[in-house]
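Student: Just data02.cif, nothing more (mmCIF, C-alpha atoms; chains and numbers go by the auth columns):
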data_input
loop_
_atom_site.group_PDB
_atom_site.id
_atom_site.type_symbol
_atom_site.label_atom_id
_atom_site.label_comp_id
_atom_site.label_asym_id
_atom_site.label_seq_id
_atom_site.Cartn_x
_atom_site.Cartn_y
_atom_site.Cartn_z
_atom_site.B_iso_or_equiv
_atom_site.auth_seq_id
_atom_site.auth_asym_id
ATOM 1 C CA MET A 1 0.000 0.000 0.000 0.00 1 G
ATOM 2 C CA LEU A 2 1.386 3.425 -0.900 0.00 2 G
ATOM 3 C CA GLN A 3 1.882 5.889 1.935 0.00 3 G
ATOM 4 C CA ALA A 4 2.343 9.646 1.594 0.00 4 G
ATOM 5 C CA ARG A 5 5.598 11.284 2.666 0.00 5 G
ATOM 6 C CA ASP A 6 4.953 14.884 3.665 0.00 6 G
ATOM 7 C CA ARG A 7 7.780 17.054 2.379 0.00 7 G
ATOM 8 C CA GLY A 8 6.327 20.039 4.258 0.00 8 G
ATOM 9 C CA ARG A 9 5.394 22.147 1.252 0.00 9 G
ATOM 10 C CA HIS A 10 2.916 24.845 2.285 0.00 10 G
ATOM 11 C CA CYS A 11 -0.387 25.420 0.499 0.00 11 G
ATOM 12 C CA PRO A 12 -1.205 29.159 0.507 0.00 12 G
ATOM 13 C CA GLU A 13 -4.870 28.540 -0.355 0.00 13 G
ATOM 14 C CA GLU A 14 -5.881 26.831 2.872 0.00 14 G
ATOM 15 C CA GLY A 15 -2.782 26.914 5.049 0.00 15 G
ATOM 16 C CA LEU A 16 -2.114 23.199 4.699 0.00 16 G
ATOM 17 C CA SER A 17 1.162 21.406 4.485 0.00 17 G
ATOM 18 C CA VAL A 18 0.890 19.777 1.068 0.00 18 G
ATOM 19 C CA PRO A 19 2.488 16.380 0.498 0.00 19 G
ATOM 20 C CA GLU A 20 4.900 16.145 -2.384 0.00 20 G
ATOM 21 C CA ARG A 21 3.892 13.689 -5.092 0.00 21 G
ATOM 22 C CA GLU A 22 6.416 11.263 -3.658 0.00 22 G
ATOM 23 C CA ARG A 23 5.128 7.925 -2.412 0.00 23 G
ATOM 24 C CA GLU A 24 6.722 4.947 -0.739 0.00 24 G
ATOM 25 C CA ASP A 25 5.565 1.444 -1.627 0.00 25 G
ATOM 26 C CA SER A 26 5.584 -1.581 0.659 0.00 26 G
ATOM 27 C CA GLY A 27 9.192 -2.374 -0.319 0.00 27 G
ATOM 28 C CA GLY A 28 10.437 1.023 0.760 0.00 28 G
ATOM 29 C CA GLU A 29 10.954 2.278 -2.811 0.00 29 G
ATOM 30 C CA ARG A 30 10.035 5.898 -3.434 0.00 30 G
ATOM 31 C CA LYS A 31 7.945 6.799 -6.460 0.00 31 G
ATOM 32 C CA LEU A 32 6.582 10.067 -7.831 0.00 32 G
ATOM 33 C CA MET A 33 2.920 10.652 -8.677 0.00 33 G
ATOM 34 C CA SER A 34 2.233 11.949 -12.170 0.00 34 G
ATOM 35 C CA ARG A 35 1.541 15.670 -12.296 0.00 35 G
ATOM 36 C CA ILE A 36 -1.852 16.571 -13.770 0.00 36 G
ATOM 37 C CA THR A 37 -1.897 19.396 -16.323 0.00 37 G
ATOM 38 C CA GLY A 38 -5.462 19.310 -17.678 0.00 38 G
ATOM 39 C CA LEU A 39 -4.095 18.413 -21.121 0.00 39 G
ATOM 40 C CA GLU A 40 -4.191 14.630 -20.713 0.00 40 G
ATOM 41 C CA GLU A 41 -6.147 12.366 -23.042 0.00 41 G
ATOM 42 C CA THR A 42 -9.439 11.330 -21.460 0.00 42 G
ATOM 43 C CA GLY A 43 -8.239 7.766 -20.969 0.00 43 G
ATOM 44 C CA GLN A 44 -5.129 8.996 -19.155 0.00 44 G
ATOM 45 C CA VAL A 45 -7.029 10.932 -16.483 0.00 45 G
ATOM 46 C CA PRO A 46 -7.167 9.005 -13.170 0.00 46 G
ATOM 47 C CA PRO A 47 -10.731 8.215 -11.998 0.00 47 G
ATOM 48 C CA LYS A 48 -10.414 10.411 -8.885 0.00 48 G
ATOM 49 C CA VAL A 49 -9.243 13.340 -10.998 0.00 49 G
ATOM 50 C CA ARG A 50 -12.286 12.885 -13.253 0.00 50 G
ATOM 51 C CA GLN A 51 -14.459 13.075 -10.125 0.00 51 G
ATOM 52 C CA ILE A 52 -12.691 16.297 -9.152 0.00 52 G
ATOM 53 C CA TYR A 53 -13.214 17.754 -12.635 0.00 53 G
ATOM 54 C CA GLU A 54 -16.911 16.865 -12.620 0.00 54 G
ATOM 55 C CA ALA A 55 -17.392 18.485 -9.208 0.00 55 G
ATOM 56 C CA VAL A 56 -15.674 21.708 -10.313 0.00 56 G
ATOM 57 C CA ILE A 57 -17.630 21.998 -13.569 0.00 57 G
ATOM 58 C CA GLN A 58 -20.928 21.335 -11.771 0.00 58 G
ATOM 59 C CA MET A 59 -20.241 24.153 -9.328 0.00 59 G
ATOM 60 C CA LEU A 60 -19.226 26.571 -12.077 0.00 60 G
ATOM 61 C CA GLU A 61 -22.335 25.753 -14.119 0.00 61 G
ATOM 62 C CA GLU A 62 -24.467 26.285 -11.004 0.00 62 G
ATOM 63 C CA GLY A 63 -23.149 29.845 -10.947 0.00 63 G
ATOM 64 C CA MET A 64 -20.633 29.568 -8.104 0.00 64 G
ATOM 65 C CA ASP A 65 -17.794 32.090 -8.341 0.00 65 G
ATOM 66 C CA MET A 66 -14.325 30.644 -8.608 0.00 66 G
ATOM 67 C CA GLU A 67 -13.265 32.659 -5.548 0.00 67 G
ATOM 68 C CA ASP A 68 -15.952 30.945 -3.445 0.00 68 G
ATOM 69 C CA ILE A 69 -14.871 27.424 -4.365 0.00 69 G
ATOM 70 C CA ARG A 70 -12.661 25.705 -1.795 0.00 70 G
ATOM 71 C CA VAL A 71 -10.713 22.484 -2.038 0.00 71 G
ATOM 72 C CA SER A 72 -12.819 21.009 0.748 0.00 72 G
ATOM 73 C CA THR A 73 -16.004 21.840 -1.198 0.00 73 G
ATOM 74 C CA ILE A 74 -14.611 20.215 -4.339 0.00 74 G
ATOM 75 C CA THR A 75 -13.513 17.020 -2.623 0.00 75 G
ATOM 76 C CA GLU A 76 -16.733 16.727 -0.622 0.00 76 G
ATOM 77 C CA ARG A 77 -18.804 16.907 -3.783 0.00 77 G
ATOM 78 C CA ALA A 78 -16.401 14.574 -5.583 0.00 78 G
ATOM 79 C CA GLY A 79 -16.715 12.049 -2.759 0.00 79 G
ATOM 80 C CA ILE A 80 -12.988 11.836 -2.028 0.00 80 G
ATOM 81 C CA GLY A 81 -10.669 12.932 0.773 0.00 81 G
ATOM 82 C CA LYS A 82 -9.138 16.405 0.723 0.00 82 G
ATOM 83 C CA GLY A 83 -5.640 14.965 0.790 0.00 83 G
ATOM 84 C CA THR A 84 -6.321 13.094 -2.445 0.00 84 G
ATOM 85 C CA ALA A 85 -6.636 16.372 -4.352 0.00 85 G
ATOM 86 C CA TYR A 86 -3.131 17.363 -3.306 0.00 86 G
ATOM 87 C CA GLU A 87 -1.744 14.110 -4.650 0.00 87 G
ATOM 88 C CA TYR A 88 -2.348 15.553 -8.133 0.00 88 G
ATOM 89 C CA PHE A 89 -2.504 19.353 -7.740 0.00 89 G
ATOM 90 C CA ASP A 90 -0.678 22.077 -5.823 0.00 90 G
ATOM 91 C CA THR A 91 -3.438 24.657 -5.316 0.00 91 G
ATOM 92 C CA LYS A 92 -7.139 25.241 -5.721 0.00 92 G
ATOM 93 C CA ASP A 93 -6.498 27.495 -8.715 0.00 93 G
ATOM 94 C CA GLU A 94 -4.615 24.679 -10.418 0.00 94 G
ATOM 95 C CA ILE A 95 -7.489 22.263 -9.757 0.00 95 G
ATOM 96 C CA VAL A 96 -10.095 24.612 -11.240 0.00 96 G
ATOM 97 C CA ALA A 97 -7.873 25.631 -14.181 0.00 97 G
ATOM 98 C CA CYS A 98 -7.178 22.008 -15.107 0.00 98 G
ATOM 99 C CA ALA A 99 -10.892 21.167 -14.868 0.00 99 G
ATOM 100 C CA VAL A 100 -11.831 24.067 -17.173 0.00 100 G
ATOM 101 C CA VAL A 101 -9.082 23.287 -19.703 0.00 101 G
ATOM 102 C CA SER A 102 -9.968 19.600 -19.713 0.00 102 G
ATOM 103 C CA GLN A 103 -13.642 20.339 -20.339 0.00 103 G
ATOM 104 C CA ILE A 104 -12.941 22.830 -23.143 0.00 104 G
ATOM 105 C CA ARG A 105 -10.527 20.337 -24.683 0.00 105 G
ATOM 106 C CA TRP A 106 -13.084 17.530 -24.539 0.00 106 G
ATOM 107 C CA ILE A 107 -15.963 19.638 -25.897 0.00 107 G
ATOM 108 C CA PHE A 108 -14.058 20.978 -28.897 0.00 108 G
ATOM 109 C CA GLY A 109 -12.454 17.590 -29.540 0.00 109 G
ATOM 110 C CA TRP A 110 -15.917 16.020 -29.638 0.00 110 G
ATOM 111 C CA LEU A 111 -17.251 18.834 -31.855 0.00 111 G
ATOM 112 C CA GLY A 112 -14.365 18.355 -34.269 0.00 112 G
ATOM 113 C CA GLU A 113 -15.095 14.632 -34.583 0.00 113 G
ATOM 114 C CA GLN A 114 -18.807 15.247 -35.134 0.00 114 G
ATOM 115 C CA LEU A 115 -18.170 17.930 -37.755 0.00 115 G
ATOM 116 C CA GLU A 116 -15.803 15.653 -39.670 0.00 116 G
ATOM 117 C CA GLU A 117 -18.632 13.128 -40.033 0.00 117 G
ATOM 118 C CA ARG A 118 -20.644 15.768 -41.924 0.00 118 G
ATOM 119 C CA THR A 119 -19.224 16.725 -45.296 0.00 119 G
ATOM 120 C CA ASP A 120 -21.579 19.590 -46.220 0.00 120 G
ATOM 121 C CA PHE A 121 -20.947 23.018 -44.668 0.00 121 G
ATOM 122 C CA ALA A 122 -24.653 23.777 -44.283 0.00 122 G
ATOM 123 C CA ASP A 123 -25.146 20.513 -42.351 0.00 123 G
ATOM 124 C CA GLN A 124 -22.100 21.276 -40.205 0.00 124 G
ATOM 125 C CA LEU A 125 -23.458 24.716 -39.359 0.00 125 G
ATOM 126 C CA LYS A 126 -26.890 23.344 -38.504 0.00 126 G
ATOM 127 C CA PHE A 127 -25.223 20.777 -36.254 0.00 127 G
ATOM 128 C CA LEU A 128 -23.341 23.539 -34.407 0.00 128 G
ATOM 129 C CA LEU A 129 -26.550 25.487 -33.837 0.00 129 G
ATOM 130 C CA ASP A 130 -28.430 22.370 -32.800 0.00 130 G
ATOM 131 C CA THR A 131 -25.691 21.396 -30.342 0.00 131 G
ATOM 132 C CA ALA A 132 -25.642 24.885 -28.826 0.00 132 G
ATOM 133 C CA GLU A 133 -29.404 24.780 -28.235 0.00 133 G
ATOM 134 C CA ARG A 134 -29.771 21.199 -27.000 0.00 134 G
ATOM 135 C CA LYS A 135 -26.546 20.617 -25.081 0.00 135 G
ATOM 136 C CA GLY A 136 -26.228 23.238 -22.386 0.00 136 G
ATOM 137 C CA HIS A 137 -22.767 22.096 -21.283 0.00 137 G
ATOM 138 C CA CYS A 138 -21.429 22.911 -24.762 0.00 138 G
ATOM 139 C CA SER A 139 -22.763 26.470 -24.566 0.00 139 G
ATOM 140 C CA HIS A 140 -21.358 26.915 -21.057 0.00 140 G
ATOM 141 C CA SER A 141 -17.980 25.632 -22.234 0.00 141 G
ATOM 142 C CA PHE A 142 -17.985 27.983 -25.250 0.00 142 G
ATOM 143 C CA LEU A 143 -18.877 31.010 -23.116 0.00 143 G
ATOM 144 C CA ARG A 144 -16.314 30.012 -20.501 0.00 144 G
ATOM 145 C CA PHE A 145 -13.704 29.908 -23.265 0.00 145 G
ATOM 146 C CA VAL A 146 -14.655 33.434 -24.367 0.00 146 G
ATOM 147 C CA HIS A 147 -14.455 34.709 -20.780 0.00 147 G
ATOM 148 C CA THR A 148 -11.079 33.055 -20.304 0.00 148 G
ATOM 149 C CA MET A 149 -9.680 34.656 -23.462 0.00 149 G
ATOM 150 C CA THR A 150 -10.922 38.157 -22.569 0.00 150 G
ATOM 151 C CA SER A 151 -10.242 38.305 -18.820 0.00 151 G
ATOM 152 C CA ASN A 152 -6.826 39.429 -17.633 0.00 152 G
ATOM 153 C CA SER A 153 -7.015 37.847 -14.183 0.00 153 G
ATOM 154 C CA GLU A 154 -4.103 35.737 -13.006 0.00 154 G
ATOM 155 C CA PHE A 155 -6.362 32.680 -12.947 0.00 155 G
ATOM 156 C CA ASN A 156 -7.455 33.114 -16.568 0.00 156 G
ATOM 157 C CA ARG A 157 -3.865 33.761 -17.629 0.00 157 G
ATOM 158 C CA MET A 158 -3.060 30.377 -16.094 0.00 158 G
ATOM 159 C CA ILE A 159 -5.741 28.777 -18.279 0.00 159 G
ATOM 160 C CA ARG A 160 -4.550 30.623 -21.402 0.00 160 G
ATOM 161 C CA ASN A 161 -1.010 29.416 -20.818 0.00 161 G
ATOM 162 C CA LYS A 162 -2.287 25.841 -20.877 0.00 162 G
ATOM 163 C CA MET A 163 -4.369 26.450 -24.004 0.00 163 G
ATOM 164 C CA ASN A 164 -1.387 28.016 -25.769 0.00 164 G
ATOM 165 C CA THR A 165 0.582 24.782 -25.546 0.00 165 G
ATOM 166 C CA GLU A 166 1.208 22.514 -28.510 0.00 166 G
ATOM 167 C CA GLU A 167 -0.826 19.724 -26.885 0.00 167 G
ATOM 168 C CA PHE A 168 -3.952 21.895 -26.884 0.00 168 G
ATOM 169 C CA ALA A 169 -3.558 23.229 -30.443 0.00 169 G
ATOM 170 C CA PRO A 170 -5.906 20.718 -32.199 0.00 170 G
ATOM 171 C CA TYR A 171 -8.712 21.654 -29.805 0.00 171 G
ATOM 172 C CA ARG A 172 -8.606 25.416 -30.199 0.00 172 G
ATOM 173 C CA PRO A 173 -11.891 26.674 -31.689 0.00 173 G
ATOM 174 C CA ALA A 174 -9.950 28.459 -34.435 0.00 174 G
ATOM 175 C CA ASN A 175 -8.523 25.134 -35.616 0.00 175 G
ATOM 176 C CA VAL A 176 -11.820 23.251 -35.249 0.00 176 G
ATOM 177 C CA PHE A 177 -13.756 25.879 -37.225 0.00 177 G
ATOM 178 C CA GLY A 178 -10.880 26.479 -39.629 0.00 178 G
ATOM 179 C CA LYS A 179 -10.982 22.860 -40.753 0.00 179 G
ATOM 180 C CA ILE A 180 -14.627 22.981 -41.876 0.00 180 G
ATOM 181 C CA LEU A 181 -14.158 26.421 -43.449 0.00 181 G
ATOM 182 C CA ARG A 182 -11.249 25.209 -45.557 0.00 182 G
ATOM 183 C CA GLN A 183 -13.317 22.197 -46.572 0.00 183 G
ATOM 184 C CA GLY A 184 -16.236 24.428 -47.595 0.00 184 G
ATOM 185 C CA THR A 185 -13.908 26.656 -49.614 0.00 185 G
ATOM 186 C CA GLU A 186 -12.390 23.661 -51.420 0.00 186 G
ATOM 187 C CA GLN A 187 -15.904 22.428 -52.241 0.00 187 G
ATOM 188 C CA GLY A 188 -16.722 25.774 -53.857 0.00 188 G
ATOM 189 C CA ILE A 189 -19.467 26.598 -51.323 0.00 189 G
ATOM 190 C CA LEU A 190 -17.610 29.305 -49.422 0.00 190 G
ATOM 191 C CA ARG A 191 -15.845 32.385 -50.739 0.00 191 G
ATOM 192 C CA ALA A 192 -12.149 32.005 -51.475 0.00 192 G
ATOM 193 C CA ASP A 193 -11.457 35.750 -51.344 0.00 193 G
ATOM 194 C CA LEU A 194 -12.008 36.118 -47.599 0.00 194 G
ATOM 195 C CA PRO A 195 -9.118 35.740 -45.126 0.00 195 G
ATOM 196 C CA MET A 196 -9.449 32.551 -43.087 0.00 196 G
ATOM 197 C CA ASP A 197 -9.087 34.436 -39.804 0.00 197 G
ATOM 198 C CA TYR A 198 -12.025 36.649 -40.741 0.00 198 G
ATOM 199 C CA MET A 199 -14.173 33.620 -41.634 0.00 199 G
ATOM 200 C CA ILE A 200 -13.375 32.036 -38.268 0.00 200 G
ATOM 201 C CA HIS A 201 -14.343 35.274 -36.489 0.00 201 G
ATOM 202 C CA CYS A 202 -17.586 35.361 -38.482 0.00 202 G
ATOM 203 C CA ILE A 203 -18.648 31.920 -37.235 0.00 203 G
ATOM 204 C CA PHE A 204 -17.363 32.613 -33.731 0.00 204 G
ATOM 205 C CA SER A 205 -19.199 35.931 -33.332 0.00 205 G
ATOM 206 C CA HIS A 206 -22.509 34.606 -34.679 0.00 206 G
ATOM 207 C CA LEU A 207 -22.328 31.532 -32.448 0.00 207 G
ATOM 208 C CA LEU A 208 -21.522 33.753 -29.486 0.00 208 G
ATOM 209 C CA THR A 209 -24.650 35.827 -30.170 0.00 209 G
ATOM 210 C CA TYR A 210 -26.740 32.652 -30.331 0.00 210 G
ATOM 211 C CA MET A 211 -25.271 31.149 -27.158 0.00 211 G
ATOM 212 C CA LEU A 212 -25.700 34.382 -25.227 0.00 212 G
ATOM 213 C CA GLU A 213 -29.385 34.286 -26.115 0.00 213 G
ATOM 214 C CA ILE A 214 -29.619 30.691 -24.902 0.00 214 G
ATOM 215 C CA ALA A 215 -27.677 31.318 -21.690 0.00 215 G
ATOM 216 C CA THR A 216 -29.324 34.658 -20.832 0.00 216 G
ATOM 217 C CA LYS A 217 -32.829 34.104 -22.171 0.00 217 G
ATOM 218 C CA ASP A 218 -34.376 36.359 -19.517 0.00 218 G
ATOM 219 C CA CYS A 219 -32.361 39.364 -20.713 0.00 219 G
ATOM 220 C CA PHE A 220 -33.542 39.554 -24.318 0.00 220 G
ATOM 221 C CA GLN A 221 -36.899 39.691 -26.039 0.00 221 G
ATOM 222 C CA MET A 222 -36.125 37.311 -28.911 0.00 222 G
ATOM 223 C CA ASP A 223 -36.391 33.574 -28.328 0.00 223 G
ATOM 224 C CA ALA A 224 -33.412 31.436 -29.350 0.00 224 G
ATOM 225 C CA THR A 225 -35.604 29.376 -31.671 0.00 225 G
ATOM 226 C CA ASP A 226 -36.682 32.528 -33.502 0.00 226 G
ATOM 227 C CA LEU A 227 -33.115 33.819 -33.602 0.00 227 G
ATOM 228 C CA ARG A 228 -31.633 30.619 -35.029 0.00 228 G
ATOM 229 C CA PRO A 229 -32.588 31.089 -38.734 0.00 229 G
ATOM 230 C CA PHE A 230 -31.145 34.630 -38.664 0.00 230 G
ATOM 231 C CA ILE A 231 -27.855 33.317 -37.271 0.00 231 G
ATOM 232 C CA TYR A 232 -27.770 30.643 -39.963 0.00 232 G
ATOM 233 C CA ARG A 233 -28.553 33.074 -42.763 0.00 233 G
ATOM 234 C CA GLY A 234 -26.103 35.620 -41.390 0.00 234 G
ATOM 235 C CA ILE A 235 -23.203 33.160 -41.552 0.00 235 G
ATOM 236 C CA MET A 236 -24.182 31.608 -44.859 0.00 236 G
ATOM 237 C CA GLY A 237 -24.926 34.948 -46.497 0.00 237 G
ATOM 238 C CA GLU A 238 -21.576 36.392 -45.468 0.00 238 G
ATOM 239 C CA LEU A 239 -19.363 33.399 -46.203 0.00 239 G
ATOM 240 C CA CYS A 240 -20.974 31.675 -49.199 0.00 240 G
ATOM 241 C CA ARG A 241 -19.775 32.458 -52.696 0.00 241 G
ATOM 242 C CA PRO A 242 -22.241 34.361 -54.926 0.00 242 G
ATOM 243 C CA GLY A 243 -25.112 32.089 -55.936 0.00 243 G
ATOM 244 C CA ALA A 244 -24.201 29.287 -53.523 0.00 244 G
ATOM 245 C CA PHE A 245 -26.329 30.570 -50.635 0.00 245 G
ATOM 246 C CA ALA A 246 -29.512 29.981 -52.666 0.00 246 G
ATOM 247 C CA ASP A 247 -28.538 26.308 -52.812 0.00 247 G
ATOM 248 C CA GLN A 248 -28.242 26.113 -49.021 0.00 248 G
ATOM 249 C CA PRO A 249 -31.678 27.164 -47.662 0.00 249 G
ATOM 250 C CA TYR A 250 -32.495 27.021 -43.959 0.00 250 G
ATOM 251 C CA HIS A 251 -34.806 24.163 -42.972 0.00 251 G
ATOM 252 C CA PRO A 252 -35.613 23.831 -39.254 0.00 252 G
ATOM 253 C CA GLU A 253 -34.858 20.373 -37.874 0.00 253 G
#
As structure tokens, please, write out the structure in this file.

Tutor:
Amino acid sequence: MLQARDRGRHCPEEGLSVPEREREDSGGERKLMSRITGLEETGQVPPKVRQIYEAVIQMLEEGMDMEDIRVSTITERAGIGKGTAYEYFDTKDEIVACAVVSQIRWIFGWLGEQLEERTDFADQLKFLLDTAERKGHCSHSFLRFVHTMTSNSEFNRMIRNKMNTEEFAPYRPANVFGKILRQGTEQGILRADLPMDYMIHCIFSHLLTYMLEIATKDCFQMDATDLRPFIYRGIMGELCRPGAFADQPYHPE
């Protein structure tokens, strides 16, 4: 059985002495626990870390401020001991940052796979709108990404540093959307004269408008269902080559 060896490292968040990730097995051999970064493949995330991630995301989606979340609250909801969290993370901020990065990575990885299964740009766009409306966790993840990229807090800079790594590159929204835009351009559906960065911003900004309506439905007069065809036509009308938009009409699902 592995036993923790406290190396006396201090945790500023709750005044605890945090064990190093060094463990001693029954034969007296010391081993180091793997450090969690939030960038691991889903299958590489230890079960207890997944429980921690789920607890953090639940609290954030319930509207709890990051400043109000404590390690003890996370571990209680996750159903594990507080000391277990420090076997993988140094601080509360690191726990929450890794949970957010992992969720954004998973959501955009899943979206990328789903979009690749659809070869027509109009179908891909309808899928994005449908996912935003029917899967609330996707909208929350998208809006959390926007907040992370626009906030200059130390915590959000920590998240951005993780998302700026090479490991995260395939899951950045710009790369996920860029792939389907290049495909649509090669198929002759989308305009070839527009800069790719502008086309990505076009999709991103329209989706943001749609998701804000879904997430803050009490703040606006227009229902998301009524707004959806305008979002679709706005993207298609701006990005499609002349004459192609008429071949891609909006049909509610």

Student: With distances taken over all atoms listed in the file, which of G:Phe230, G:Ile180, G:Ala224, G:Leu212 is nearest to Leu125 in chain G?

Tutor: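 Nearest candidate to Leu125 in chain G out of G:Phe230, G:Ile180, G:Ala224, G:Leu212: G:Ile180.
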
Student: Please enumerate the residues selected by the PyMOL selection byres ((chain G and resi 240) around 9) when evaluated against the supplied file, formatted as a count of residues only.

Tutor: 16

Student: Quote the spacing between CA of Thr216 in chain G and CA of Ile159 in chain G in Å to one decimal place.

Tutor: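 It comes out at 24.4 Å.
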
Student: Mind telling me what the PyMOL selection byres ((chain G and resi 84-97) around 6) catches here, as a list in words?

Tutor: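 Going through the file, the PyMOL selection byres ((chain G and resi 84-97) around 6) ends up selecting Arg21, Arg35, Ile36, Val71, Gly81, Lys82, Gly83, Cys98, Ala99, Val100 and Ile159 of chain G.
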
Student: So that I can check the surroundings of range 45-59 of chain G, please list as a PDB file with C-alpha atoms, in the coordinates of the input every protein, DNA and RNA residue that reaches within 6 Å of it, counting all atoms listed in the file and ignoring chain neighbours fewer than 5 positions away.

Tutor:
ATOM      1  CA  MET G  64     -20.633  29.568  -8.104  1.00  0.00           C
ATOM      2  CA  ILE G  74     -14.611  20.215  -4.339  1.00  0.00           C
ATOM      3  CA  ARG G  77     -18.804  16.907  -3.783  1.00  0.00           C
ATOM      4  CA  ALA G  78     -16.401  14.574  -5.583  1.00  0.00           C
ATOM      5  CA  ALA G  99     -10.892  21.167 -14.868  1.00  0.00           C
TER       6      ALA G  99
END

Student: Which of these residues is nearest to Leu39 in chain G, using all atoms listed in the file: G:Met66, G:Ala169, G:Leu143, G:Leu111?

Tutor: G:Ala169

Student: Edge lengths and centre in Å to one decimal, as lines of an AutoDock Vina configuration file, of the axis-aligned box that encloses all listed atoms of range 108-112 of chain G with 4 Å added on every side?

Tutor:
center_x = -14.9
center_y = 18.5
center_z = -31.6
size_x = 12.8
size_y = 13.0
size_z = 13.4

Student: Could you write range 66-79 of chain G as an mmCIF file, keeping the file's coordinate frame, with N, CA and C atoms rebuilt where they are missing?

Tutor:
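Done, and the output landed in out.cif:
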data_model
loop_
_atom_site.group_PDB
_atom_site.id
_atom_site.type_symbol
_atom_site.label_atom_id
_atom_site.label_comp_id
_atom_site.auth_asym_id
_atom_site.auth_seq_id
_atom_site.Cartn_x
_atom_site.Cartn_y
_atom_site.Cartn_z
ATOM 1 N N MET G 66 -15.545 31.395 -8.839
ATOM 2 C CA MET G 66 -14.325 30.644 -8.608
ATOM 3 C C MET G 66 -13.726 30.971 -7.238
ATOM 4 N N GLU G 67 -13.840 32.240 -6.824
ATOM 5 C CA GLU G 67 -13.265 32.659 -5.548
ATOM 6 C C GLU G 67 -13.948 31.983 -4.363
ATOM 7 N N ASP G 68 -15.200 31.561 -4.545
ATOM 8 C CA ASP G 68 -15.952 30.945 -3.445
ATOM 9 C C ASP G 68 -15.741 29.434 -3.359
ATOM 10 N N ILE G 69 -15.105 28.865 -4.365
ATOM 11 C CA ILE G 69 -14.871 27.424 -4.365
ATOM 12 C C ILE G 69 -13.642 27.114 -3.515
ATOM 13 N N ARG G 70 -13.773 26.135 -2.625
ATOM 14 C CA ARG G 70 -12.661 25.705 -1.795
ATOM 15 C C ARG G 70 -12.342 24.244 -2.094
ATOM 16 N N VAL G 71 -11.112 23.866 -1.795
ATOM 17 C CA VAL G 71 -10.713 22.484 -2.038
ATOM 18 C C VAL G 71 -11.610 21.526 -1.282
ATOM 19 N N SER G 72 -11.961 21.879 -0.057
ATOM 20 C CA SER G 72 -12.819 21.009 0.748
ATOM 21 C C SER G 72 -14.195 20.844 0.112
ATOM 22 N N THR G 73 -14.707 21.921 -0.519
ATOM 23 C CA THR G 73 -16.004 21.840 -1.198
ATOM 24 C C THR G 73 -15.912 20.929 -2.415
ATOM 25 N N ILE G 74 -14.811 21.050 -3.147
ATOM 26 C CA ILE G 74 -14.611 20.215 -4.339
ATOM 27 C C ILE G 74 -14.558 18.743 -3.953
ATOM 28 N N THR G 75 -13.709 18.432 -2.976
ATOM 29 C CA THR G 75 -13.513 17.020 -2.623
ATOM 30 C C THR G 75 -14.747 16.419 -1.975
ATOM 31 N N GLU G 76 -15.493 17.236 -1.221
ATOM 32 C CA GLU G 76 -16.733 16.727 -0.622
ATOM 33 C C GLU G 76 -17.731 16.347 -1.708
ATOM 34 N N ARG G 77 -17.871 17.219 -2.705
ATOM 35 C CA ARG G 77 -18.804 16.907 -3.783
ATOM 36 C C ARG G 77 -18.295 15.752 -4.638
ATOM 37 N N ALA G 78 -16.981 15.654 -4.786
ATOM 38 C CA ALA G 78 -16.401 14.574 -5.583
ATOM 39 C C ALA G 78 -16.423 13.240 -4.850
ATOM 40 N N GLY G 79 -16.652 13.279 -3.531
ATOM 41 C CA GLY G 79 -16.715 12.049 -2.759
ATOM 42 C C GLY G 79 -15.349 11.452 -2.467
#
